[in-house]
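Structure data follow from data_18.csv (CSV, C-alpha atoms):
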```csv
chain,number,residue,atom,x,y,z
A,1,MET,CA,-14.4,-23.0,11.1
A,2,THR,CA,-16.2,-25.6,13.2
A,3,ASN,CA,-18.4,-26.5,10.3
A,4,TYR,CA,-15.3,-27.0,8.1
A,5,ALA,CA,-13.7,-29.2,10.7
A,6,THR,CA,-16.8,-31.3,11.0
A,7,ASP,CA,-17.2,-31.6,7.3
A,8,PHE,CA,-13.5,-32.3,6.9
A,9,CYS,CA,-13.8,-35.3,9.3
A,10,VAL,CA,-16.8,-36.6,7.3
A,11,GLU,CA,-14.9,-36.3,4.0
A,12,GLU,CA,-11.9,-37.9,5.6
A,13,ARG,CA,-13.9,-40.9,6.7
A,14,LYS,CA,-15.5,-41.2,3.3
A,15,ARG,CA,-12.6,-40.6,0.9
A,16,GLY,CA,-9.4,-40.6,3.0
A,17,PHE,CA,-7.1,-37.9,4.3
A,18,ASP,CA,-5.6,-36.8,0.9
A,19,GLU,CA,-9.0,-36.4,-0.7
A,20,ALA,CA,-10.3,-34.5,2.3
A,21,CYS,CA,-7.4,-32.1,2.1
A,22,LYS,CA,-8.2,-31.5,-1.6
A,23,TRP,CA,-11.8,-30.9,-0.6
A,24,MET,CA,-10.8,-28.4,2.1
A,25,GLN,CA,-8.6,-26.5,-0.4
A,26,LYS,CA,-11.6,-26.1,-2.7
A,27,LYS,CA,-13.7,-24.8,0.2
A,28,LEU,CA,-11.2,-22.3,1.6
A,29,LYS,CA,-11.0,-18.8,0.1
A,30,PRO,CA,-8.5,-19.0,-2.7
A,31,GLU,CA,-6.9,-15.6,-2.2
A,32,THR,CA,-5.0,-14.7,0.9
A,33,ALA,CA,-4.5,-11.1,2.0
A,34,GLY,CA,-0.8,-10.7,1.4
A,35,GLY,CA,-0.3,-13.3,-1.4
A,36,GLU,CA,1.8,-12.2,-4.3
A,37,SER,CA,-0.3,-14.0,-6.9
A,38,ASP,CA,-1.9,-12.2,-9.8
A,39,HIS,CA,-4.0,-15.3,-10.3
A,40,PHE,CA,-7.2,-13.6,-8.9
A,41,TRP,CA,-6.9,-10.3,-10.6
A,42,SER,CA,-8.9,-9.8,-13.8
A,43,GLU,CA,-7.4,-8.0,-16.7
A,44,PRO,CA,-9.8,-4.9,-16.3
A,45,GLN,CA,-8.8,-4.8,-12.5
A,46,THR,CA,-5.1,-4.9,-13.4
A,47,LYS,CA,-5.5,-2.1,-16.0
A,48,ALA,CA,-7.6,0.0,-13.5
A,49,LEU,CA,-4.8,-0.5,-10.9
A,50,ILE,CA,-2.1,0.7,-13.3
A,51,THR,CA,-4.2,3.7,-14.3
A,52,MET,CA,-5.1,4.6,-10.8
A,53,LEU,CA,-1.5,4.3,-9.6
A,54,SER,CA,-0.2,6.5,-12.4
A,55,ASP,CA,-2.9,9.0,-11.8
A,56,GLY,CA,-1.8,9.4,-8.2
A,57,TYR,CA,-4.7,7.8,-6.4
A,58,GLY,CA,-4.1,6.6,-2.8
A,59,ILE,CA,-4.1,3.0,-1.8
A,60,ASP,CA,-7.3,3.4,0.2
A,61,GLU,CA,-9.2,4.9,-2.8
A,62,ILE,CA,-7.9,2.1,-5.0
A,63,SER,CA,-8.9,-0.5,-2.5
A,64,ALA,CA,-12.4,0.9,-2.3
A,65,THR,CA,-12.8,1.1,-6.1
A,66,LEU,CA,-11.4,-2.3,-6.9
A,67,GLY,CA,-12.6,-4.2,-3.9
A,68,LYS,CA,-9.2,-5.5,-3.0
A,69,THR,CA,-7.3,-5.3,0.4
A,70,ARG,CA,-4.4,-3.0,0.8
A,71,GLN,CA,-2.1,-6.0,1.1
A,72,GLN,CA,-3.4,-7.4,-2.2
A,73,ILE,CA,-2.8,-4.0,-3.9
A,74,TYR,CA,0.7,-3.7,-2.6
A,75,ALA,CA,1.5,-7.3,-3.7
A,76,LYS,CA,0.1,-6.7,-7.2
A,77,ARG,CA,2.1,-3.5,-7.4
A,78,ARG,CA,5.3,-5.3,-6.5
A,79,LEU,CA,4.6,-7.9,-9.2
A,80,LEU,CA,3.9,-5.3,-11.8
A,81,ALA,CA,7.1,-3.4,-10.8
A,82,ARG,CA,9.1,-6.6,-10.9
A,83,ASP,CA,7.8,-7.3,-14.5
A,84,GLY,CA,8.7,-3.7,-15.5
A,85,ILE,CA,5.1,-2.6,-16.1
A,86,LEU,CA,5.2,-0.1,-13.2
A,87,ASP,CA,8.0,1.9,-11.7
A,88,LYS,CA,9.2,0.6,-8.4
A,89,PRO,CA,7.6,2.6,-5.5
A,90,VAL,CA,9.7,5.3,-4.0
A,91,PRO,CA,10.7,4.3,-0.4
A,92,PRO,CA,9.4,6.5,2.4
A,93,SER,CA,12.9,7.4,3.4
A,94,GLU,CA,13.6,8.8,0.0
A,95,ILE,CA,10.3,10.7,0.0
A,96,LYS,CA,11.3,12.2,3.3
A,97,ASN,CA,14.7,13.3,2.0
A,98,LEU,CA,13.1,14.9,-1.1
A,99,ARG,CA,10.6,16.8,1.1
A,100,LYS,CA,13.4,17.9,3.4
A,101,GLY,CA,15.3,19.2,0.4
A,102,LYS,CA,12.2,21.1,-0.9
A,103,PHE,CA,11.8,22.5,2.6
A,104,VAL,CA,15.3,23.9,2.7
A,105,LEU,CA,14.9,25.3,-0.8
A,106,LEU,CA,11.6,27.1,0.1
A,107,VAL,CA,13.1,28.6,3.3
A,108,GLU,CA,16.1,29.8,1.4
A,109,GLN,CA,13.8,31.4,-1.2
A,110,GLY,CA,12.2,33.3,1.7
A,111,GLU,CA,9.1,31.3,2.5
A,112,SER,CA,8.5,31.1,6.3
A,113,ASP,CA,4.8,30.2,6.8
A,114,VAL,CA,4.6,26.6,8.0
A,115,ARG,CA,1.2,26.0,6.4
A,116,VAL,CA,2.3,27.3,3.0
A,117,ILE,CA,5.5,25.2,3.1
A,118,ALA,CA,3.5,22.1,4.1
A,119,ASP,CA,1.1,22.6,1.1
A,120,GLU,CA,4.1,23.2,-1.3
A,121,ILE,CA,6.0,20.0,-0.3
A,122,GLY,CA,2.9,17.8,0.2
A,123,CYS,CA,3.1,17.0,3.9
A,124,SER,CA,1.6,18.0,7.2
A,125,GLY,CA,2.6,21.0,9.3
A,126,THR,CA,3.9,18.6,12.0
A,127,ALA,CA,6.3,17.1,9.4
A,128,VAL,CA,7.5,20.6,8.6
A,129,TYR,CA,8.4,21.1,12.3
A,130,GLY,CA,10.3,17.8,12.1
A,131,TYR,CA,12.2,18.9,9.0
A,132,ALA,CA,13.0,22.3,10.6
A,133,LYS,CA,14.4,20.6,13.7
A,134,GLU,CA,16.5,18.2,11.6
A,135,VAL,CA,18.0,21.0,9.5
A,136,GLY,CA,18.5,23.3,12.5
A,137,TYR,CA,15.8,25.9,12.0
A,138,GLU,CA,13.5,27.1,14.7
A,139,ILE,CA,9.8,27.7,14.3
A,140,LYS,CA,7.9,30.2,16.3
A,141,SER,CA,4.2,31.1,15.9
A,142,GLY,CA,3.9,29.1,12.7
A,143,ARG,CA,6.9,30.8,11.1
A,144,VAL,CA,10.4,29.4,10.3
A,145,MET,CA,13.1,31.5,11.9
A,146,ILE,CA,16.4,31.5,10.1
```

Is it possible to express this structure as structure tokens?
Amino acid sequence: MTNYATDFCVEERKRGFDEACKWMQKKLKPETAGGESDHFWSEPQTKALITMLSDGYGIDEISATLGKTRQQIYAKRRLLARDGILDKPVPPSEIKNLRKGKFVLLVEQGESDVRVIADEIGCSGTAVYGYAKEVGYEIKSGRVMI
């Protein structure tokens, strides 16, 4: 940043403060990490994002593929959802409630192995222990006790 500050002072002396500010804006990276602008997304990148999100890719995979930060991807996803192109993302609390419901259903159907339940509902074994505690079940030796 020191080089920018020095160059800014030089520009300010030459052209004045307003022109130096314009010069600085041109030098700075135009896209901030969390900005909600689709200005810097190309059409192929936007289409790839939509496809990857609908195919169930994780944010880290999308970030690596498209060369965008997680914040940029979240911001673009919000813009696309606002415009009706994508469905609004499901909040984590709702996902947790859905998984807890699936947990109860699996236990009532007779499944007791924590690992199998975790695989079925798409979460970790630790989360299954949490769901069991919330619902009132006890787990011993990796098995749900009713």

Separation of CA of Arg99 in chain A from CA of Ser124 in chain A in Å =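 For CA of Ser124 in chain A relative to CA of Arg99 in chain A, the distance reads 10.9 Å.
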
query = Hey, can you check how far CA of Ala75 in chain A sits from CA of Asp55 in chain A?
reply = 18.7 Å

query = From the set A:Tyr57, A:Trp23, A:Trp41, A:Phe8, which residue has the shortest atom-to-atom contact distance to Leu79 in chain A, counting only C-alpha atoms?
reply =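 Going through A:Tyr57, A:Trp23, A:Trp41, A:Phe8 one by one, the smallest distance to Leu79 in chain A is for A:Trp41.
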
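Of note, CA of Ala81 in chain A and CA of Lys47 in chain A are spaced 13.7 Å apart.
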
message = With only C-alpha atoms as the counted atoms, please give the residues lying no more than 9 Å from range 61-65 of chain A, apart from itself and same-chain residues fewer than 5 positions off, as an NGL selection string.
response = :A and (48-49 or 52-53 or 70 or 72-73)

request  = Pick out the closest residue to Lys27 in chain A from this set: A:Thr46, A:Ala5, A:Cys123, A:Pro89. Count all atoms listed in the file.
outcome  = A:Ala5

remark   = Nearest to Gly125 in chain A, restricted to all atoms listed in the file and choosing among A:Arg15, A:Tyr137, A:Gly101, A:Gly142, comes out as A:Gly142

inquiry  = I'd like the neighbourhood of Tyr4 in chain A as a VMD selection string, where a residue qualifies if any of its atoms comes within 12 Å (using all atoms listed in the file), though same-chain residues fewer than 4 positions away should be ignored.
reply    = chain A and resid 8 to 12 20 to 21 23 to 28

Closest of A:Gln109, A:Thr6, A:Ser54, A:Ser42 to Ile146 in chain A - atom-to-atom distances counting only C-alpha atoms =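 Among A:Gln109, A:Thr6, A:Ser54, A:Ser42, it is A:Gln109 that comes nearest to Ile146 in chain A.
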
Option closest in space to Val144 in chain A, from A:Asp113, A:Gly122, A:Ile59, A:Ala127 [counting all atoms listed in the file] =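 Selected residue with least distance to Val144 in chain A: A:Asp113.
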
Could you extract range 101-125 of chain A of the given structure into a file holding C-alpha atoms, as a PDB file, in the first residue's frame?
```pdb
ATOM      1  CA  GLY A 101     -37.217 -35.565  11.360  1.00  0.00           C
ATOM      2  CA  LYS A 102     -35.434 -38.133   9.175  1.00  0.00           C
ATOM      3  CA  PHE A 103     -33.544 -39.355  12.257  1.00  0.00           C
ATOM      4  CA  VAL A 104     -36.767 -39.953  14.175  1.00  0.00           C
ATOM      5  CA  LEU A 105     -38.327 -41.679  11.170  1.00  0.00           C
ATOM      6  CA  LEU A 106     -35.347 -44.028  10.738  1.00  0.00           C
ATOM      7  CA  VAL A 107     -35.288 -44.920  14.432  1.00  0.00           C
ATOM      8  CA  GLU A 108     -39.025 -45.615  14.396  1.00  0.00           C
ATOM      9  CA  GLN A 109     -38.492 -47.875  11.371  1.00  0.00           C
ATOM     10  CA  GLY A 110     -36.020 -49.886  13.447  1.00  0.00           C
ATOM     11  CA  GLU A 111     -32.626 -48.529  12.367  1.00  0.00           C
ATOM     12  CA  SER A 112     -30.301 -48.192  15.349  1.00  0.00           C
ATOM     13  CA  ASP A 113     -26.738 -48.022  13.954  1.00  0.00           C
ATOM     14  CA  VAL A 114     -25.425 -44.451  14.276  1.00  0.00           C
ATOM     15  CA  ARG A 115     -23.175 -44.714  11.195  1.00  0.00           C
ATOM     16  CA  VAL A 116     -25.982 -45.983   8.987  1.00  0.00           C
ATOM     17  CA  ILE A 117     -28.316 -43.255  10.232  1.00  0.00           C
ATOM     18  CA  ALA A 118     -25.649 -40.599   9.623  1.00  0.00           C
ATOM     19  CA  ASP A 119     -25.160 -41.834   6.049  1.00  0.00           C
ATOM     20  CA  GLU A 120     -28.902 -41.922   5.415  1.00  0.00           C
ATOM     21  CA  ILE A 121     -29.615 -38.391   6.627  1.00  0.00           C
ATOM     22  CA  GLY A 122     -26.381 -36.877   5.295  1.00  0.00           C
ATOM     23  CA  CYS A 123     -24.606 -35.730   8.423  1.00  0.00           C
ATOM     24  CA  SER A 124     -21.861 -36.769  10.808  1.00  0.00           C
ATOM     25  CA  GLY A 125     -22.139 -39.309  13.597  1.00  0.00           C
TER      26      GLY A 125
END
```
